[in-house]
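Worksheet for the structure shown next.
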Amino acid sequence: MNTSARVTIHMAASLDFFIAKKDGSVSWMETSDRYEKGVDDVTAEAAEEFLRGIDCYVMGSRTYELALKLGWLYGDTPTIVLSHRALQDDRNSVSFYSGDLSRLVNEQLKPRYRNIWLVGGASLAKEFVRLKLADDIRIMIMPIILGDGTLFMAHVGQEQPLHLKDVTAYKNGLVELWYEIRRE
Ligand SMILES: NC(=O)c1ccc[n+]([C@@H]2O[C@H](COP(=O)([O-])OP(=O)(O)OC[C@H]3O[C@@H](n4cnc5c(N)ncnc54)[C@H](OP(=O)(O)O)[C@@H]3O)[C@@H](O)[C@H]2O)c1
């Protein structure tokens, strides 16, 4: 087991904690807001450098199907898609998994990868928290109230203390909250 391996849940949400609109549109993730005291927005080069540090992505089938439709953002980084169905399979970097999530993380992912990112969606993120498979949660709060949609972490069913690791406010009005999941 790679003891330094970490699983990070990463998602964008509105201030009322919706991660998707009912009609599936994603334009709410673009912002024209300005917060002058914020740090500079991430440049394309810095984003690329950062993404190179991610060793593996994990996502649910609905997120995968949307990612194929909207444009693949995950390059050639190994990506594990969770599904009980046979899905479109035309990328060498993508593999599919069905079954026990603890076995996936502890027996397949953590021994192989160090920086593992769960990038959606809502139901898979909730399961990772419930089963204590995530180490960090990084959530980007967009400057918008959506009013309805798919909630981030609805009804996890148990309390989970967190440690606030970092907060970054950007010039474009995004605020990143980075929490570590406390194990005690
Ligand atoms: N704001 C953001 O940052 C962000 C990021 C990602 C996604 N999203 C949004 O989130 C929504 C999708 O989230 P969602 O909760 O509906 O779906 P999801 O978490 O993407 O996918 C759920 C699916 O994963 C599969 N799955 C989960 N656990 C499994 C297991 N142990 N074994 C096999 N398959 C398993 C099942 O697929 P099958 O039904 O195929 O068996 C299940 O229906 C979309 O609207 C998307 O836009 C938002």
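Labels for the structure tokens follow display order: chains A, B, ..., residues from 1 in each chain, ligands from 1.
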
Next on the checklist: At a cut-off of 6 Å around ligand 1, and using only C-alpha atoms and all ligand atoms, what residues come up? Please write them as an MDAnalysis selection string.
Outcome noted: chainID A and resid 11:13 19:20 24 59:63 82:85 98:101 119:124

Stretch 90-132 of chain A residues near stretch 70-76 of chain A within 12 Å, closest pair each, using only C-alpha atoms, as JSON lines:
```
{"residue": "A:Asp90", "atom": "CA", "partner": "A:Trp72", "partner_atom": "CA", "distance": 11.8}
{"residue": "A:Arg91", "atom": "CA", "partner": "A:Asp76", "partner_atom": "CA", "distance": 8.3}
{"residue": "A:Asn92", "atom": "CA", "partner": "A:Asp76", "partner_atom": "CA", "distance": 7.8}
{"residue": "A:Ser93", "atom": "CA", "partner": "A:Asp76", "partner_atom": "CA", "distance": 5.4}
{"residue": "A:Val94", "atom": "CA", "partner": "A:Asp76", "partner_atom": "CA", "distance": 8.4}
{"residue": "A:Ser95", "atom": "CA", "partner": "A:Asp76", "partner_atom": "CA", "distance": 11.7}
{"residue": "A:Trp117", "atom": "CA", "partner": "A:Tyr74", "partner_atom": "CA", "distance": 10.7}
{"residue": "A:Leu118", "atom": "CA", "partner": "A:Tyr74", "partner_atom": "CA", "distance": 11.7}
{"residue": "A:Val119", "atom": "CA", "partner": "A:Tyr74", "partner_atom": "CA", "distance": 10.0}
```

Based on the selection just made, write N, CA, C and O atoms of those residues as an mmCIF file, in the first residue's frame.
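File written: result.cif
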```
data_model
loop_
_atom_site.group_PDB
_atom_site.id
_atom_site.type_symbol
_atom_site.label_atom_id
_atom_site.label_comp_id
_atom_site.auth_asym_id
_atom_site.auth_seq_id
_atom_site.Cartn_x
_atom_site.Cartn_y
_atom_site.Cartn_z
ATOM 1 N N ASP A 90 -13.796 4.303 -25.965
ATOM 2 C CA ASP A 90 -12.890 4.554 -27.086
ATOM 3 C C ASP A 90 -11.661 5.363 -26.681
ATOM 4 O O ASP A 90 -11.012 5.971 -27.511
ATOM 5 N N ARG A 91 -11.348 5.373 -25.403
ATOM 6 C CA ARG A 91 -10.133 6.079 -24.957
ATOM 7 C C ARG A 91 -9.258 5.069 -24.217
ATOM 8 O O ARG A 91 -9.715 4.406 -23.292
ATOM 9 N N ASN A 92 -7.983 5.000 -24.611
ATOM 10 C CA ASN A 92 -7.082 4.027 -23.988
ATOM 11 C C ASN A 92 -6.873 4.297 -22.504
ATOM 12 O O ASN A 92 -6.602 3.386 -21.731
ATOM 13 N N SER A 93 -6.998 5.562 -22.109
ATOM 14 C CA SER A 93 -6.718 5.918 -20.712
ATOM 15 C C SER A 93 -7.878 5.562 -19.780
ATOM 16 O O SER A 93 -7.733 5.625 -18.561
ATOM 17 N N VAL A 94 -9.034 5.205 -20.347
ATOM 18 C CA VAL A 94 -10.219 4.944 -19.524
ATOM 19 C C VAL A 94 -10.381 3.453 -19.268
ATOM 20 O O VAL A 94 -10.281 2.642 -20.184
ATOM 21 N N SER A 95 -10.620 3.099 -17.997
ATOM 22 C CA SER A 95 -11.004 1.717 -17.697
ATOM 23 C C SER A 95 -12.259 1.755 -16.831
ATOM 24 O O SER A 95 -12.574 2.781 -16.227
ATOM 25 N N TRP A 117 -7.932 11.699 -7.953
ATOM 26 C CA TRP A 117 -8.989 12.727 -7.901
ATOM 27 C C TRP A 117 -10.334 12.157 -8.317
ATOM 28 O O TRP A 117 -10.477 11.639 -9.430
ATOM 29 N N LEU A 118 -11.291 12.286 -7.400
ATOM 30 C CA LEU A 118 -12.675 11.930 -7.709
ATOM 31 C C LEU A 118 -13.362 13.203 -8.202
ATOM 32 O O LEU A 118 -13.524 14.161 -7.447
ATOM 33 N N VAL A 119 -13.757 13.192 -9.468
ATOM 34 C CA VAL A 119 -14.246 14.434 -10.080
ATOM 35 C C VAL A 119 -15.758 14.420 -10.314
ATOM 36 O O VAL A 119 -16.279 15.207 -11.101
#
```

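Computed from the coordinates, the atom CA of A:Ile181 to atom CA of A:Glu65 distance equals 28.7 Å.
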
Checklist entry - In stretch 31-142 of chain A, what's strand (DSSP E) per DSSP? Answer as a PyMOL selection string? => result chain A and resi 56-60+79-82+94-97+115-118+136-141

Next on the checklist: If we count only C-alpha atoms and set the cut-off at 7 Å, which residues sit around A:Val167, ignoring sequence neighbours fewer than 6 positions away in its own chain? Please answer as a list in words.
Outcome noted: Glu176, Leu177 and Trp178 of chain A

Based on the selection just made, write N, CA, C and O atoms of those residues as a short mmCIF file (atom, residue, chain, number, x, y, z; two decimals), in the first residue's frame.
```
data_model
loop_
_atom_site.label_atom_id
_atom_site.label_comp_id
_atom_site.auth_asym_id
_atom_site.auth_seq_id
_atom_site.Cartn_x
_atom_site.Cartn_y
_atom_site.Cartn_z
N GLU A 176 -12.09 28.79 -3.30
CA GLU A 176 -11.84 27.36 -3.12
C GLU A 176 -11.72 27.03 -1.64
O GLU A 176 -10.92 27.64 -0.92
N LEU A 177 -12.53 26.10 -1.20
CA LEU A 177 -12.45 25.59 0.18
C LEU A 177 -11.80 24.21 0.11
O LEU A 177 -12.26 23.34 -0.64
N TRP A 178 -10.75 24.03 0.89
CA TRP A 178 -10.02 22.75 0.87
C TRP A 178 -10.08 22.16 2.27
O TRP A 178 -9.52 22.73 3.22
#
```

Item to check | Selection: 10 Å around A:Asp148, only C-alpha atoms, excl. self and same-chain fewer than 6 positions, as a VMD selection string | outcome: chain A and resid 14 16 to 22

Take the residues from that selection and write them out as a CSV table (one decimal), in the first residue's frame, keeping all heavy atoms.
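Output (selection_19.csv):
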```csv
chain,number,residue,atom,x,y,z
A,14,SER,N,-22.5,25.9,-6.6
A,14,SER,CA,-23.0,27.3,-6.4
A,14,SER,C,-23.0,27.5,-4.9
A,14,SER,O,-22.7,26.6,-4.1
A,14,SER,CB,-24.5,27.3,-6.9
A,14,SER,OG,-25.2,26.3,-6.2
A,16,ASP,N,-25.4,27.9,-3.0
A,16,ASP,CA,-26.4,27.0,-2.4
A,16,ASP,C,-26.1,25.5,-2.6
A,16,ASP,O,-27.0,24.7,-2.5
A,16,ASP,CB,-27.9,27.4,-2.8
A,16,ASP,CG,-28.1,27.6,-4.3
A,16,ASP,OD1,-27.1,27.7,-5.0
A,16,ASP,OD2,-29.2,27.7,-4.7
A,17,PHE,N,-24.9,25.2,-3.0
A,17,PHE,CA,-24.3,23.9,-3.0
A,17,PHE,C,-25.0,22.9,-4.0
A,17,PHE,O,-25.0,21.7,-3.8
A,17,PHE,CB,-24.3,23.2,-1.6
A,17,PHE,CG,-23.1,23.7,-0.8
A,17,PHE,CD1,-23.2,24.8,0.0
A,17,PHE,CD2,-21.9,23.0,-1.0
A,17,PHE,CE1,-22.0,25.3,0.6
A,17,PHE,CE2,-20.8,23.5,-0.3
A,17,PHE,CZ,-20.8,24.6,0.5
A,18,PHE,N,-25.4,23.5,-5.1
A,18,PHE,CA,-25.8,22.6,-6.3
A,18,PHE,C,-24.6,22.5,-7.2
A,18,PHE,O,-23.8,23.4,-7.4
A,18,PHE,CB,-26.9,23.3,-7.0
A,18,PHE,CG,-28.2,23.3,-6.2
A,18,PHE,CD1,-28.8,24.4,-5.7
A,18,PHE,CD2,-28.9,22.1,-6.0
A,18,PHE,CE1,-29.9,24.4,-5.0
A,18,PHE,CE2,-30.0,22.0,-5.2
A,18,PHE,CZ,-30.6,23.2,-4.7
A,19,ILE,N,-24.4,21.3,-7.7
A,19,ILE,CA,-23.3,21.0,-8.6
A,19,ILE,C,-23.7,20.9,-10.0
A,19,ILE,O,-22.9,20.8,-10.9
A,19,ILE,CB,-22.4,19.8,-8.2
A,19,ILE,CG1,-23.3,18.5,-8.2
A,19,ILE,CG2,-21.8,19.9,-6.8
A,19,ILE,CD1,-22.5,17.3,-8.5
A,20,ALA,N,-25.0,20.8,-10.2
A,20,ALA,CA,-25.5,20.7,-11.6
A,20,ALA,C,-26.9,21.3,-11.6
A,20,ALA,O,-27.7,21.2,-10.7
A,20,ALA,CB,-25.6,19.3,-12.1
A,21,LYS,N,-27.3,21.9,-12.8
A,21,LYS,CA,-28.6,22.4,-13.0
A,21,LYS,C,-29.5,21.3,-13.5
A,21,LYS,O,-29.0,20.4,-14.1
A,21,LYS,CB,-28.6,23.6,-13.9
A,21,LYS,CG,-28.1,24.9,-13.3
A,21,LYS,CD,-28.1,26.0,-14.3
A,21,LYS,CE,-29.5,26.4,-14.7
A,21,LYS,NZ,-29.6,27.8,-15.2
A,22,LYS,N,-30.8,21.5,-13.3
A,22,LYS,CA,-31.8,20.5,-13.8
A,22,LYS,C,-31.7,20.3,-15.3
A,22,LYS,O,-31.8,19.2,-15.8
A,22,LYS,CB,-33.2,20.9,-13.4
A,22,LYS,CG,-33.5,20.4,-12.0
A,22,LYS,CD,-35.0,20.5,-11.8
A,22,LYS,CE,-35.4,19.8,-10.5
A,22,LYS,NZ,-36.7,20.2,-9.9
```

Checklist entry - Would you give me, as a PyMOL selection string, the residues in stretch 71-136 of chain A that DSSP reads as helix (DSSP H, G or I)? => result chain A and resi 101-109+122-130

Checklist outcome for this item: Between atom CA of A:Pro143 and atom CA of A:Leu174 lies a distance of 6.3 Å

Next on the checklist: Restricting the calculation to only C-alpha atoms: of A:Ala169, A:Ala47, A:Ala154, A:Val42, which residue gets closest to A:Arg130?
Outcome noted: A:Ala154

Item to check | Among the residues A:Met140, A:Asp55, A:Gly147, A:Ser27, the one that comes closest to A:Pro111 [using only C-alpha atoms] | outcome: A:Asp55

Item to check | Nearby residues (only C-alpha atoms) at most 12 Å from A:Thr31, same-chain spacing under 3 positions excluded, as a VMD selection string | outcome: chain A and resid 14 26 to 28 34 to 35 41 141 to 144 170 to 175

Checklist entry - For the atom pair atom CA of A:Glu180 and atom CA of A:Ile137, what is the interatomic distance in Å to one decimal place? => result 6.3 Å
